[in-house]
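Chemist: Dumping the structure here so I can ask a few things about it.
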Amino acid sequence: MARDPYQELGVSRGAGEDEIRKAFRNLAKKHHPDANPGDKAAEERFKRVSAAFDILGDPDKRKKFDAGEIDADGHETGRGFGGGWSPGGFEGGRRGQTRAETFDGVDLGDILGEMFGGRGGGARGPGAGFGGGLARGADVRAKLEIDLEEAIAGGKKRIAFSDGRTIDVTIPRGAGEGQTLRLKGQGSPGRAGPGDAFIELTVRPHPIFHREGDRLVMDLPVTVYDAVLGGKVEAPTPEGPVTLTVPKGANAGAMLRLKGRGLPDAAGQRGDLLARLVITLPDKPDAELTAFAETWRAKRPYQPKPAPRRGA
C-alpha cells in the first residue's frame, strides 16, 4: 500500500490546492527519471509522488480519502475496488501516460521544460522510462479582459504573454464571463510539438448596463414633462442609441423593453434590454415648476403606492 499522500508530498492535511500543486511540481522536478537516469530510487519516489498527487490533486478523490472512503492507492476501502490509480499505474507503457501529462492542471511537460530548457541530449517526455515519447510543450494560461460589447458581438483582441509573444484571439459572439478559449499549438514549444494556450475571458463591468441572466437592465433618465405627457427619448444600447416612446403618465420604475438587445444565450438567441424609467428634475430649481408643484400639492394631494419589490 502507498504511504499517506499528505506525508508523501510533505504537506499538512489543511494544505490548499496551490500548496499541494507546488509541492508536487517541486518533487516531480527533483525525482523525475529524466533528471535521474538509471536511479531506481528516484524512479520509485517519482511514482509515489505521482500517486499521492493523483489523490490530493483531485478534489473528489481527496474528499473521499479524507473521509476514509478510499485508501492511499485510490481503492475503495472495505471492498477491494481496484479502480484507483496507484504507483504501478506507470507500468505498462502508455497506460498511465495521459494522466501523467496533465495531473489536474500540473503539466509535466512544463516541469521537463524547466529541467532541460529545450536542450537536446535525449531528454524524454512525461512517460519516458515507462514507454512514453518526447515531451510536448507546456500549456500556457492567461486571462483576457473584454468589454460587454465585445462579449456580445465578438471580435479580435491581441494578448501578450510573459515570454514576449503576442497572439490575436478571436472572441466568439456571445462570449461569457469565465469562458475559456483553447488556442491549439499556441503554448510553449516542445520537442514533440508546442502545447496549447488557454485564455480565460473576463467581462468588464459596464457603466450603464448590468446583467440579469441573458437580459440587460439599465436606468433611463426621463424628464418630468415626458413622464407626464409622454414623448420620445434616446436610449443607449450595446449597438448604439435608439429612440424609445415613453407612454403618457409614466411612473418612475416603469420598465420599457427592447426585444433582442440583451445577451446571447447558448443557442445564440439574444435576450431583452430593459430600461427602467428614472424621472429626473432639472439640475437647477425651476421657479415655474416649483410654483406648479406647490399649487398641485395644495389642491390635489395624493399618496404614492410603495414601489414593488425588485424581482417580485
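Chain lettering (A, B, ...) mirrors the order of the C-alpha cells, residue numbering begins at 1 for each chain separately, and ligand numbering begins at 1 in order of display.
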List the neighbours of A:Lys232 out to 12 Å using only C-alpha atoms; skip same-chain residues closer than 5 positions along the sequence, and give me the result as a ChimeraX atom specification.
Modeler: /A:222-223,225-227,242-248
Chemist: Save the residues we just selected, C-alpha atoms, as a PDB file, in the first residue's frame?
Modeler:
```
ATOM      1  CA  VAL A 222     -36.609  60.980 -18.313  1.00  0.00           C
ATOM      2  CA  THR A 223     -37.870  64.497 -17.733  1.00  0.00           C
ATOM      3  CA  TYR A 225     -42.796  66.586 -18.767  1.00  0.00           C
ATOM      4  CA  ASP A 226     -42.020  63.453 -20.808  1.00  0.00           C
ATOM      5  CA  ALA A 227     -43.259  61.313 -17.925  1.00  0.00           C
ATOM      6  CA  VAL A 242     -32.211  54.111 -30.284  1.00  0.00           C
ATOM      7  CA  THR A 243     -35.418  56.101 -29.815  1.00  0.00           C
ATOM      8  CA  LEU A 244     -37.960  54.913 -27.234  1.00  0.00           C
ATOM      9  CA  THR A 245     -41.518  56.068 -26.693  1.00  0.00           C
ATOM     10  CA  VAL A 246     -42.340  56.967 -23.098  1.00  0.00           C
ATOM     11  CA  PRO A 247     -46.078  56.443 -22.504  1.00  0.00           C
ATOM     12  CA  LYS A 248     -48.184  59.277 -21.113  1.00  0.00           C
TER      13      LYS A 248
END
```
Chemist: Residues within 7 Å of A:Asp139, please, as a compact mmCIF listing (two decimals) with C-alpha atoms, in the first residue's frame. Count only C-alpha atoms; anything in the same chain fewer than 2 positions from it doesn't count.
Modeler:
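Result saved to part07.txt:
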```txt
# COMPACT_ATOMS: atom_id res chain seq x y z
CA GLY A 137 5.47 21.79 -24.92
CA ARG A 141 -2.76 30.12 -19.40
CA GLY A 187 1.62 27.21 -25.92
CA SER A 188 5.29 26.74 -25.10
CA GLY A 195 1.42 22.98 -26.08
CA ASP A 196 -1.85 24.86 -26.13
CA ALA A 197 -2.84 28.28 -24.85
```
Chemist: For A:Glu212, which residue out of A:Leu274, A:Asp4, A:Leu56, A:Thr166 is the nearest one, using only C-alpha atoms?
Modeler: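 Checking each candidate against A:Glu212, we get A:Leu274 as the closest.
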Chemist: List the neighbours of A:Gly271 out to 10 Å using only C-alpha atoms; skip same-chain residues closer than 4 positions along the sequence, and give me the result as a count of residues only.
Modeler: 13
Chemist: Show which residues sit within 9 Å of A:Pro189, as a PyMOL selection string. Count only C-alpha atoms, and ignore same-chain residues fewer than 3 positions away.
Modeler: chain A and resi 113+118+136-138+185-186+192-195
Chemist: Using only C-alpha atoms, find the one residue out of A:Lys47, A:Arg165, A:His210, A:Arg204 that sits nearest to A:Asp147.
Modeler: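 Checking each candidate against A:Asp147, we get A:Arg204 as the closest.
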Chemist: Can you list, as a PyMOL selection string, all residues belonging to stretch 4-51 of chain A that DSSP tags as helix (DSSP H, G or I)?
Modeler: chain A and resi 5-9+17-31+40-51
Chemist: Could the residues in this selection be saved with N, CA and C atoms as a compact mmCIF listing (two decimals), in the first residue's frame?
Modeler:
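Saved result, result_7.txt, follows:
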```
# COMPACT_ATOMS: atom_id res chain seq x y z
N PRO A 5 -0.71 10.09 1.35
CA PRO A 5 -0.33 11.06 0.31
C PRO A 5 0.10 12.41 0.87
N TYR A 6 -0.43 12.81 2.01
CA TYR A 6 0.00 14.07 2.62
C TYR A 6 1.46 13.98 3.03
N GLN A 7 1.84 12.84 3.64
CA GLN A 7 3.23 12.65 4.02
C GLN A 7 4.12 12.56 2.78
N GLU A 8 3.61 11.91 1.74
CA GLU A 8 4.42 11.73 0.53
C GLU A 8 4.77 13.08 -0.10
N LEU A 9 3.82 14.01 -0.08
CA LEU A 9 4.07 15.33 -0.67
C LEU A 9 4.63 16.32 0.35
N GLU A 17 -5.03 23.97 -2.43
CA GLU A 17 -4.72 23.38 -3.73
C GLU A 17 -3.40 23.90 -4.29
N ASP A 18 -3.15 25.20 -4.15
CA ASP A 18 -1.91 25.76 -4.69
C ASP A 18 -0.68 25.19 -3.99
N GLU A 19 -0.77 25.01 -2.67
CA GLU A 19 0.37 24.45 -1.92
C GLU A 19 0.63 23.01 -2.34
N ILE A 20 -0.45 22.23 -2.53
CA ILE A 20 -0.30 20.84 -2.96
C ILE A 20 0.30 20.78 -4.36
N ARG A 21 -0.19 21.63 -5.25
CA ARG A 21 0.32 21.62 -6.63
C ARG A 21 1.80 22.03 -6.66
N LYS A 22 2.17 23.02 -5.84
CA LYS A 22 3.56 23.47 -5.79
C LYS A 22 4.48 22.37 -5.26
N ALA A 23 4.01 21.66 -4.21
CA ALA A 23 4.82 20.58 -3.64
C ALA A 23 5.03 19.48 -4.67
N PHE A 24 3.98 19.13 -5.40
CA PHE A 24 4.12 18.10 -6.43
C PHE A 24 5.09 18.53 -7.52
N ARG A 25 4.98 19.77 -7.99
CA ARG A 25 5.87 20.26 -9.04
C ARG A 25 7.33 20.13 -8.60
N ASN A 26 7.60 20.57 -7.38
CA ASN A 26 8.99 20.54 -6.90
C ASN A 26 9.52 19.11 -6.79
N LEU A 27 8.68 18.21 -6.25
CA LEU A 27 9.14 16.83 -6.08
C LEU A 27 9.23 16.10 -7.41
N ALA A 28 8.28 16.35 -8.31
CA ALA A 28 8.32 15.71 -9.62
C ALA A 28 9.53 16.18 -10.41
N LYS A 29 9.84 17.46 -10.30
CA LYS A 29 11.01 18.00 -10.99
C LYS A 29 12.31 17.39 -10.43
N LYS A 30 12.33 17.17 -9.13
CA LYS A 30 13.54 16.64 -8.48
C LYS A 30 13.75 15.16 -8.78
N HIS A 31 12.66 14.36 -8.81
CA HIS A 31 12.78 12.91 -8.88
C HIS A 31 12.39 12.32 -10.23
N LYS A 40 17.01 4.01 -9.69
CA LYS A 40 15.77 3.31 -9.36
C LYS A 40 15.07 3.93 -8.16
N ALA A 41 15.86 4.42 -7.19
CA ALA A 41 15.24 5.02 -6.01
C ALA A 41 14.46 6.27 -6.39
N ALA A 42 15.05 7.09 -7.28
CA ALA A 42 14.35 8.29 -7.74
C ALA A 42 13.11 7.91 -8.53
N GLU A 43 13.22 6.85 -9.33
CA GLU A 43 12.08 6.40 -10.12
C GLU A 43 10.92 5.99 -9.22
N GLU A 44 11.23 5.23 -8.16
CA GLU A 44 10.19 4.81 -7.24
C GLU A 44 9.60 6.00 -6.48
N ARG A 45 10.47 6.94 -6.11
CA ARG A 45 9.98 8.14 -5.41
C ARG A 45 9.06 8.94 -6.32
N PHE A 46 9.41 9.05 -7.59
CA PHE A 46 8.56 9.77 -8.54
C PHE A 46 7.19 9.10 -8.67
N LYS A 47 7.19 7.75 -8.68
CA LYS A 47 5.92 7.03 -8.76
C LYS A 47 5.05 7.34 -7.54
N ARG A 48 5.66 7.33 -6.35
CA ARG A 48 4.88 7.56 -5.14
C ARG A 48 4.36 8.99 -5.08
N VAL A 49 5.18 9.94 -5.49
CA VAL A 49 4.77 11.34 -5.52
C VAL A 49 3.61 11.52 -6.49
N SER A 50 3.72 10.88 -7.66
CA SER A 50 2.67 10.99 -8.66
C SER A 50 1.37 10.38 -8.16
N ALA A 51 1.47 9.23 -7.49
CA ALA A 51 0.27 8.58 -6.95
C ALA A 51 -0.36 9.44 -5.86
```
